[in-house]
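S.K.: Handing over work.txt, compact mmCIF, C-alpha atoms and all ligand atoms.
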# COMPACT_ATOMS: atom_id res chain seq x y z
CA MET Y 1 39.38 4.63 85.72
CA LYS Y 2 37.33 7.77 85.11
CA LEU Y 3 39.34 10.82 86.16
CA THR Y 4 37.57 13.42 88.34
CA GLN Y 5 38.51 16.97 87.36
CA PRO Y 6 39.74 19.30 90.14
CA PHE Y 7 37.31 22.04 91.19
CA VAL Y 8 36.69 24.60 93.90
CA THR Y 9 33.57 25.64 95.79
CA GLU Y 10 33.10 28.95 97.63
CA VAL Y 11 31.70 28.52 101.17
CA ASP Y 12 29.76 31.24 103.02
CA PHE Y 13 30.79 30.74 106.64
CA SER Y 14 27.70 32.29 108.22
CA SER Y 15 25.07 30.46 106.15
CA GLY Y 16 26.88 27.40 104.82
CA VAL Y 17 25.71 28.32 101.31
CA LEU Y 18 27.91 26.87 98.57
CA SER Y 19 28.67 28.60 95.27
CA PRO Y 20 28.10 27.37 92.69
CA ALA Y 21 24.93 25.86 94.17
CA ARG Y 22 25.29 22.17 94.96
CA SER Y 23 22.79 19.52 95.98
CA SER Y 24 21.03 20.11 99.27
CA TYR Y 25 18.48 18.60 101.60
CA GLN Y 26 16.59 19.78 104.64
CA ARG Y 27 15.47 18.01 107.77
CA HIS Y 28 12.29 19.25 109.37
CA LEU Y 29 10.90 18.17 112.75
CA SER Y 30 8.44 15.88 110.95
CA ASP Y 31 11.42 14.02 109.45
CA MET Y 32 12.75 13.10 112.89
CA PRO Y 33 9.95 13.12 115.50
CA GLY Y 34 11.27 10.03 117.33
CA TYR Y 35 14.75 11.48 117.77
CA TYR Y 36 13.80 13.92 120.54
CA ALA Y 37 13.27 12.80 124.12
CA GLU Y 38 10.10 14.84 124.73
CA ARG Y 39 7.67 13.21 122.30
CA ASP Y 40 4.71 15.15 123.70
CA VAL Y 41 6.49 18.43 122.91
CA VAL Y 42 7.22 17.24 119.35
CA ALA Y 43 3.52 16.47 118.87
CA ARG Y 44 2.49 19.83 120.34
CA ILE Y 45 4.87 21.81 118.11
CA LEU Y 46 3.71 19.94 115.00
CA ALA Y 47 0.06 20.56 115.91
CA ASP Y 48 0.31 24.19 117.11
CA GLU Y 49 3.25 25.73 115.29
CA GLY Y 50 3.47 23.50 112.21
CA ASP Y 51 6.59 21.90 110.87
CA ARG Y 52 9.94 23.40 111.78
CA LEU Y 53 13.21 23.40 109.82
CA ILE Y 54 15.88 21.85 112.05
CA TYR Y 55 18.87 21.62 109.72
CA GLU Y 56 20.04 21.88 106.16
CA VAL Y 57 22.91 20.15 104.34
CA GLN Y 58 24.57 21.39 101.14
CA SER Y 59 26.83 18.77 99.71
CA ILE Y 60 29.27 18.10 96.94
CA THR Y 61 28.32 14.76 95.54
CA LEU Y 62 31.12 12.69 94.09
CA PRO Y 63 31.33 9.25 92.52
CA ALA Y 64 30.96 6.59 95.23
CA ASP Y 65 34.46 5.27 94.55
CA GLU Y 66 37.02 4.50 97.24
CA GLY Y 67 39.37 7.46 97.71
CA GLN Y 68 36.83 10.13 96.80
CA LEU Y 69 36.23 12.72 99.54
CA PRO Y 70 32.64 14.00 99.61
CA HIS Y 71 32.27 17.27 101.55
CA CYS Y 72 29.40 19.43 102.71
CA THR Y 73 28.20 22.16 104.99
CA THR Y 74 25.57 21.64 107.66
CA ARG Y 75 23.55 24.51 109.15
CA ILE Y 76 21.57 23.74 112.31
CA LEU Y 77 19.02 26.40 113.19
CA PRO Y 78 18.90 27.61 116.80
CA GLY Y 79 16.10 26.33 119.00
CA ARG Y 80 14.96 23.58 121.30
CA ILE Y 81 12.38 20.81 121.39
CA GLY Y 82 11.39 21.10 125.04
CA ALA Y 83 14.72 21.20 126.88
CA GLU Y 84 16.69 19.51 124.10
CA PHE Y 85 18.64 21.60 121.62
CA HIS Y 86 18.16 21.28 117.86
CA MET Y 87 20.42 18.55 116.49
CA THR Y 88 21.16 16.31 113.52
CA LYS Y 89 19.89 12.74 113.33
CA GLY Y 90 23.38 11.36 113.85
CA HIS Y 91 24.72 8.11 112.42
CA PHE Y 92 27.43 5.50 112.33
CA HIS Y 93 29.29 5.07 109.09
CA ALA Y 94 28.16 1.87 107.40
CA ARG Y 95 31.84 0.99 107.24
CA ARG Y 96 32.60 1.60 110.89
CA GLU Y 97 36.36 1.97 110.36
CA GLN Y 98 35.91 5.16 108.29
CA GLY Y 99 36.48 8.49 110.07
CA GLU Y 100 35.56 12.08 109.25
CA VAL Y 101 36.66 15.69 109.91
CA TYR Y 102 34.33 18.57 110.84
CA PHE Y 103 35.38 22.22 110.80
CA GLY Y 104 33.35 24.89 112.61
CA LEU Y 105 32.40 27.92 110.46
CA SER Y 106 30.01 29.90 112.70
CA GLY Y 107 27.88 29.66 115.81
CA ARG Y 108 28.31 27.36 118.79
CA GLY Y 109 27.76 23.64 118.91
CA MET Y 110 28.60 20.35 120.49
CA LEU Y 111 29.74 17.21 118.74
CA LEU Y 112 28.31 14.16 120.48
CA LEU Y 113 30.04 10.83 119.81
CA GLN Y 114 29.38 7.28 120.90
CA THR Y 115 30.77 3.80 120.22
CA ALA Y 116 28.87 0.54 119.82
CA ASP Y 117 30.15 -0.41 123.31
CA GLY Y 118 28.49 2.68 124.78
CA ALA Y 119 31.55 4.92 125.28
CA THR Y 120 30.53 8.56 124.86
CA SER Y 121 32.33 11.85 124.20
CA VAL Y 122 31.16 15.45 123.86
CA GLN Y 123 33.40 17.98 122.10
CA PRO Y 124 32.74 21.73 121.89
CA MET Y 125 32.74 23.36 118.46
CA GLN Y 126 32.77 26.94 117.27
CA ALA Y 127 34.20 28.91 114.33
CA GLY Y 128 37.71 27.60 113.73
CA THR Y 129 37.35 24.26 115.54
CA ALA Y 130 38.64 21.23 113.62
CA ALA Y 131 36.89 18.23 115.16
CA TYR Y 132 37.98 14.68 114.45
CA VAL Y 133 35.43 11.89 114.27
CA PRO Y 134 37.60 8.79 114.63
CA PRO Y 135 36.67 5.41 113.14
CA TYR Y 136 33.95 3.49 115.05
CA TRP Y 137 32.29 6.55 116.62
CA ALA Y 138 28.68 7.47 115.81
CA HIS Y 139 28.36 11.26 115.57
CA ARG Y 140 25.68 13.91 116.02
CA THR Y 141 25.96 17.71 116.17
CA VAL Y 142 23.90 19.98 118.38
CA ASN Y 143 23.35 23.76 118.18
CA ILE Y 144 23.72 25.15 121.70
CA GLY Y 145 23.77 28.83 120.68
CA ALA Y 146 21.28 31.53 119.75
CA GLU Y 147 22.54 31.74 116.12
CA ASP Y 148 22.86 29.20 113.33
CA PHE Y 149 25.59 26.64 113.99
CA VAL Y 150 27.41 25.98 110.70
CA PHE Y 151 30.22 23.52 110.02
CA PHE Y 152 32.04 21.88 107.15
CA CYS Y 153 32.48 18.10 106.85
CA VAL Y 154 34.81 15.86 104.85
CA TRP Y 155 34.38 12.08 104.78
CA THR Y 156 35.20 9.16 102.52
CA ALA Y 157 32.94 7.97 99.73
CA GLU Y 158 33.25 4.38 100.88
CA ALA Y 159 32.13 5.19 104.45
CA GLY Y 160 28.39 5.04 103.74
CA HIS Y 161 25.79 5.91 106.38
CA ASP Y 162 23.94 3.76 108.92
CA TYR Y 163 21.10 5.82 110.39
CA ALA Y 164 19.02 2.88 111.61
CA THR Y 165 21.12 2.05 114.69
CA ILE Y 166 20.87 5.54 116.17
CA GLU Y 167 17.24 5.92 115.11
CA ARG Y 168 16.48 2.76 117.12
CA ASP Y 169 18.79 3.19 120.13
CA GLY Y 170 19.45 6.95 120.32
CA PHE Y 171 22.51 8.41 122.05
CA ARG Y 172 23.21 7.76 125.73
CA LYS Y 173 23.65 11.49 126.35
CA LEU Y 174 21.29 14.39 125.69
CA ILE Y 175 22.24 18.06 125.53
CA VAL Y 176 19.60 20.14 127.25
CA LEU Y 177 19.07 23.62 128.68
CA ARG Y 178 19.17 23.61 132.50
CA GLY Y 179 19.45 26.75 134.58
CA GLY Y 180 20.10 28.79 131.45
CA GLN Y 181 23.10 26.64 130.41
CA PRO Y 182 23.58 23.75 128.01
CA VAL Y 183 24.27 20.64 130.08
CA ILE Y 184 24.97 17.02 129.20
CA ILE Y 185 22.61 14.57 130.87
CA ASP Y 186 22.05 10.81 130.67
CA ASN Y 187 19.33 9.80 128.26
CA PRO Y 188 16.65 8.30 130.52
CA LYS Y 189 15.74 5.89 127.70
CA SER Y 190 19.23 4.32 127.72
CA ALA Y 191 19.38 3.94 131.49
C1 LIG S 1 27.81 14.86 107.93
C2 LIG S 1 26.30 14.70 108.26
C3 LIG S 1 25.52 16.01 108.31
C4 LIG S 1 24.04 15.79 108.69
O1 LIG S 1 27.99 15.31 106.64
O2 LIG S 1 25.74 13.82 107.31
O3 LIG S 1 26.10 16.88 109.24
O4 LIG S 1 23.89 14.94 109.79
P1 LIG S 1 23.10 13.55 109.65
O5 LIG S 1 23.72 12.84 108.46
O6 LIG S 1 23.38 12.81 110.90
O7 LIG S 1 21.68 13.85 109.41
C5 LIG S 1 28.45 13.49 108.13
O8 LIG S 1 28.70 13.11 109.24
N1 LIG S 1 28.66 12.75 107.04
O9 LIG S 1 29.20 11.51 107.13
ZN ZN S 2 29.44 10.97 109.17
Spell out the structure here as structure tokens.
Ligand code: PAN
Ligand code: ZN
M.R.:
Amino acid sequence: MKLTQPFVTEVDFSSGVLSPARSSYQRHLSDMPGYYAERDVVARILADEGDRLIYEVQSITLPADEGQLPHCTTRILPGRIGAEFHMTKGHFHARREQGEVYFGLSGRGMLLLQTADGATSVQPMQAGTAAYVPPYWAHRTVNIGAEDFVFFCVWTAEAGHDYATIERDGFRKLIVLRGGQPVIIDNPKSA
């Protein structure tokens, strides 16, 4: 067994920036054009406005051994693609029985969850919200506010990520702006 040494990381709640700097990746609109319901709006934004940063993840990478607890921050920028709010891709864990905890650091969001059987759940998140992603639930976060929505995540190294299922099937619910408010609607493509 190779022992991992204890360590700390400073987290900036408003930006999600980690110190010391850790590994990070960004998702732009061009990385996820098929995830949004209004494909014509995606194409128009890419053509007229150029690519747009949707979210950024800063993560503490650990050995992929059972029992390790990778953790990260995610910052979703405010904005919409048509009516639909900026969001993460969302995924199941490759090992479906592995859960996760999110903790809200700043801004306002929604955590959208769904099972393979089609059960859905939407949980509000803001600074100070501890949100539990139980085993077997796919999860996506959505920024419903005018500021960055930033949260902290802790999951298990053995969980792994399955993006393909959500990329193919989407979520059954969409979070859109209607009458000046975020509302949860049925995804017409899953009807
Ligand atoms: C989170 C997510 C992170 C980005 O750390 O990976 O918020 O969302 P996507 O992975 O869906 O692009 C997590 O749920 N890890 O398991
Ligand atoms: Zn996850």
S.K.: Can you pull out every residue within 10 Å of range 16-25 of chain Y, counting only C-alpha atoms, but drop anything in the same chain fewer than 3 positions away, and send it as a short mmCIF file (atom, residue, chain, number, x, y, z; two decimals) with C-alpha atoms, keeping the file's coordinate frame?
M.R.:
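This is the output file selection18.cif:
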data_model
loop_
_atom_site.label_atom_id
_atom_site.label_comp_id
_atom_site.auth_asym_id
_atom_site.auth_seq_id
_atom_site.Cartn_x
_atom_site.Cartn_y
_atom_site.Cartn_z
CA VAL Y 8 36.69 24.60 93.90
CA THR Y 9 33.57 25.64 95.79
CA GLU Y 10 33.10 28.95 97.63
CA VAL Y 11 31.70 28.52 101.17
CA ASP Y 12 29.76 31.24 103.02
CA PHE Y 13 30.79 30.74 106.64
CA HIS Y 28 12.29 19.25 109.37
CA TYR Y 55 18.87 21.62 109.72
CA GLU Y 56 20.04 21.88 106.16
CA VAL Y 57 22.91 20.15 104.34
CA GLN Y 58 24.57 21.39 101.14
CA SER Y 59 26.83 18.77 99.71
CA ILE Y 60 29.27 18.10 96.94
CA THR Y 61 28.32 14.76 95.54
CA CYS Y 72 29.40 19.43 102.71
CA THR Y 73 28.20 22.16 104.99
CA THR Y 74 25.57 21.64 107.66
CA ARG Y 75 23.55 24.51 109.15
CA ILE Y 76 21.57 23.74 112.31
CA LEU Y 105 32.40 27.92 110.46
CA SER Y 106 30.01 29.90 112.70
CA ASP Y 148 22.86 29.20 113.33
CA PHE Y 149 25.59 26.64 113.99
CA VAL Y 150 27.41 25.98 110.70
CA PHE Y 151 30.22 23.52 110.02
CA PHE Y 152 32.04 21.88 107.15
#
S.K.: Box time for range 166-175 of chain Y: axis-aligned, enclosing all its listed atoms, 3 Å extra on each side; report centre and edge lengths in Å to one decimal, as lines of an AutoDock Vina configuration file.
M.R.:
center_x = 20.1
center_y = 10.4
center_z = 120.7
size_x = 13.2
size_y = 21.3
size_z = 17.2
S.K.: Can I get the residues of chain Y within 10 Å of ligand ZN 2 (chain S), each with the closest pair of atoms and their distance in Å to one decimal, using only C-alpha atoms and all ligand atoms, sorted chain first then ascending number, as CSV?
M.R.:
residue,atom,partner,partner_atom,distance
Y:Gly90,CA,S:ZN2,ZN,7.7
Y:His91,CA,S:ZN2,ZN,6.4
Y:Phe92,CA,S:ZN2,ZN,6.6
Y:His93,CA,S:ZN2,ZN,5.9
Y:Ala94,CA,S:ZN2,ZN,9.4
Y:Gln98,CA,S:ZN2,ZN,8.7
Y:Gly99,CA,S:ZN2,ZN,7.5
Y:Glu100,CA,S:ZN2,ZN,6.2
Y:Val101,CA,S:ZN2,ZN,8.7
Y:Tyr102,CA,S:ZN2,ZN,9.2
Y:Val133,CA,S:ZN2,ZN,7.9
Y:Pro135,CA,S:ZN2,ZN,9.9
Y:Trp137,CA,S:ZN2,ZN,9.1
Y:Ala138,CA,S:ZN2,ZN,7.5
Y:His139,CA,S:ZN2,ZN,6.5
Y:Arg140,CA,S:ZN2,ZN,8.3
Y:Cys153,CA,S:ZN2,ZN,8.1
Y:Val154,CA,S:ZN2,ZN,8.5
Y:Trp155,CA,S:ZN2,ZN,6.7
Y:Thr156,CA,S:ZN2,ZN,9.0
Y:Ala159,CA,S:ZN2,ZN,7.9
Y:Gly160,CA,S:ZN2,ZN,8.1
Y:His161,CA,S:ZN2,ZN,6.8
Y:Asp162,CA,S:ZN2,ZN,9.1
Y:Tyr163,CA,S:ZN2,ZN,9.9
S.K.: Restricting the calculation to all atoms listed in the file: of Y:Gly104, Y:Pro63, Y:Gly145, Y:Gly180, which residue gets closest to ligand LIG 1 (chain S)?
M.R.: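 Checking each of Y:Gly104, Y:Pro63, Y:Gly145, Y:Gly180 against ligand LIG 1 (chain S), counting all atoms listed in the file, the winner is Y:Gly104.
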S.K.: To one decimal place in Å, what is the distance between CA of Ala146 in chain Y and CA of Asp186 in chain Y?
M.R.: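 About the pair CA of Ala146 in chain Y and CA of Asp186 in chain Y: they are 23.4 Å apart.
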S.K.: Using all atoms listed in the file, can you tell me which of Y:Gly82, Y:Gly179, Y:Gly118, Y:Pro134 comes closest to ligand LIG 1 (chain S)?
M.R.: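 Closest residue, counting all atoms listed in the file: Y:Pro134.
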S.K.: Within 9 Å of (24.6, 21.5, 117.6), in the coordinates the file gives, what residues turn up when you count only C-alpha atoms, written out as a list of chain:residue names?
M.R.: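 Within the cut-off we find Y:Ile76, Y:Leu77, Y:Pro78, Y:Phe85, Y:His86, Y:Met87, Y:Thr88, Y:Gly107, Y:Arg108, Y:Gly109, Y:Met110, Y:Leu111, Y:Leu112, Y:Met125, Y:Arg140, Y:Thr141, Y:Val142, Y:Asn143, Y:Ile144, Y:Gly145, Y:Asp148, Y:Phe149, Y:Val150, Y:Ile175.
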S.K.: Which is closest to Glu66 in chain Y among Y:Val42, Y:Ile54, Y:Leu29, Y:Ala157, if we use all atoms listed in the file?
M.R.: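 For Glu66 in chain Y, the nearest of the candidates is Y:Ala157.
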S.K.: Just the number, please: distance in Å from atom C4 of ligand LIG 1 (chain S) to CA of His71 in chain Y, one decimal.
M.R.: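 Separation between atom C4 of ligand LIG 1 (chain S) and CA of His71 in chain Y: 11.0 Å.
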S.K.: As an MDAnalysis selection string, please: the residues near Phe171 in chain Y (cut-off 8 Å, only C-alpha atoms, same-chain neighbours under 6 positions excluded).
M.R.: chainID Y and resid 114 187 190
S.K.: In Å, how far is it from CA of Glu147 in chain Y to CA of Pro182 in chain Y?
M.R.: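 Straight-line distance from CA of Glu147 in chain Y to CA of Pro182 in chain Y works out to 14.4 Å.
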S.K.: With N, CA, C and O atoms as the target, complete range 6-20 of chain Y and hand it back as a PDB file, in the frame of the given file.
M.R.:
ATOM      1  N   PRO Y   6      39.680  18.433  88.954  1.00  0.00           N
ATOM      2  CA  PRO Y   6      39.740  19.300  90.140  1.00  0.00           C
ATOM      3  C   PRO Y   6      38.721  20.439  90.029  1.00  0.00           C
ATOM      4  O   PRO Y   6      38.376  20.862  88.930  1.00  0.00           O
ATOM      5  N   PHE Y   7      38.265  20.912  91.187  1.00  0.00           N
ATOM      6  CA  PHE Y   7      37.310  22.040  91.190  1.00  0.00           C
ATOM      7  C   PHE Y   7      37.352  22.714  92.545  1.00  0.00           C
ATOM      8  O   PHE Y   7      37.885  22.154  93.518  1.00  0.00           O
ATOM      9  N   VAL Y   8      36.818  23.905  92.618  1.00  0.00           N
ATOM     10  CA  VAL Y   8      36.690  24.600  93.900  1.00  0.00           C
ATOM     11  C   VAL Y   8      35.228  24.972  94.121  1.00  0.00           C
ATOM     12  O   VAL Y   8      34.437  25.047  93.185  1.00  0.00           O
ATOM     13  N   THR Y   9      34.903  25.211  95.395  1.00  0.00           N
ATOM     14  CA  THR Y   9      33.570  25.640  95.790  1.00  0.00           C
ATOM     15  C   THR Y   9      33.758  26.767  96.801  1.00  0.00           C
ATOM     16  O   THR Y   9      34.582  26.639  97.711  1.00  0.00           O
ATOM     17  N   GLU Y  10      33.041  27.869  96.647  1.00  0.00           N
ATOM     18  CA  GLU Y  10      33.100  28.950  97.630  1.00  0.00           C
ATOM     19  C   GLU Y  10      32.095  28.641  98.747  1.00  0.00           C
ATOM     20  O   GLU Y  10      30.961  28.229  98.471  1.00  0.00           O
ATOM     21  N   VAL Y  11      32.533  28.852  99.994  1.00  0.00           N
ATOM     22  CA  VAL Y  11      31.700  28.520 101.170  1.00  0.00           C
ATOM     23  C   VAL Y  11      31.406  29.807 101.932  1.00  0.00           C
ATOM     24  O   VAL Y  11      32.338  30.520 102.335  1.00  0.00           O
ATOM     25  N   ASP Y  12      30.135  30.110 102.154  1.00  0.00           N
ATOM     26  CA  ASP Y  12      29.760  31.240 103.020  1.00  0.00           C
ATOM     27  C   ASP Y  12      29.726  30.734 104.459  1.00  0.00           C
ATOM     28  O   ASP Y  12      28.915  29.869 104.802  1.00  0.00           O
ATOM     29  N   PHE Y  13      30.629  31.282 105.293  1.00  0.00           N
ATOM     30  CA  PHE Y  13      30.790  30.740 106.640  1.00  0.00           C
ATOM     31  C   PHE Y  13      29.549  30.942 107.514  1.00  0.00           C
ATOM     32  O   PHE Y  13      29.284  30.145 108.401  1.00  0.00           O
ATOM     33  N   SER Y  14      28.810  32.027 107.308  1.00  0.00           N
ATOM     34  CA  SER Y  14      27.700  32.290 108.220  1.00  0.00           C
ATOM     35  C   SER Y  14      26.428  31.529 107.847  1.00  0.00           C
ATOM     36  O   SER Y  14      25.590  31.270 108.711  1.00  0.00           O
ATOM     37  N   SER Y  15      26.297  31.151 106.571  1.00  0.00           N
ATOM     38  CA  SER Y  15      25.070  30.460 106.150  1.00  0.00           C
ATOM     39  C   SER Y  15      25.331  29.026 105.694  1.00  0.00           C
ATOM     40  O   SER Y  15      24.394  28.236 105.566  1.00  0.00           O
ATOM     41  N   GLY Y  16      26.580  28.719 105.377  1.00  0.00           N
ATOM     42  CA  GLY Y  16      26.880  27.400 104.820  1.00  0.00           C
ATOM     43  C   GLY Y  16      26.550  27.280 103.338  1.00  0.00           C
ATOM     44  O   GLY Y  16      26.709  26.212 102.753  1.00  0.00           O
ATOM     45  N   VAL Y  17      26.102  28.376 102.728  1.00  0.00           N
ATOM     46  CA  VAL Y  17      25.710  28.320 101.310  1.00  0.00           C
ATOM     47  C   VAL Y  17      26.944  28.110 100.445  1.00  0.00           C
ATOM     48  O   VAL Y  17      27.991  28.730 100.659  1.00  0.00           O
ATOM     49  N   LEU Y  18      26.824  27.195  99.496  1.00  0.00           N
ATOM     50  CA  LEU Y  18      27.910  26.870  98.570  1.00  0.00           C
ATOM     51  C   LEU Y  18      27.659  27.549  97.223  1.00  0.00           C
ATOM     52  O   LEU Y  18      26.528  27.613  96.759  1.00  0.00           O
ATOM     53  N   SER Y  19      28.753  28.031  96.611  1.00  0.00           N
ATOM     54  CA  SER Y  19      28.670  28.600  95.270  1.00  0.00           C
ATOM     55  C   SER Y  19      29.769  27.964  94.424  1.00  0.00           C
ATOM     56  O   SER Y  19      30.921  27.972  94.860  1.00  0.00           O
ATOM     57  N   PRO Y  20      29.450  27.457  93.247  1.00  0.00           N
ATOM     58  CA  PRO Y  20      28.100  27.370  92.690  1.00  0.00           C
ATOM     59  C   PRO Y  20      27.201  26.476  93.554  1.00  0.00           C
ATOM     60  O   PRO Y  20      27.698  25.673  94.345  1.00  0.00           O
TER      61      PRO Y  20
END
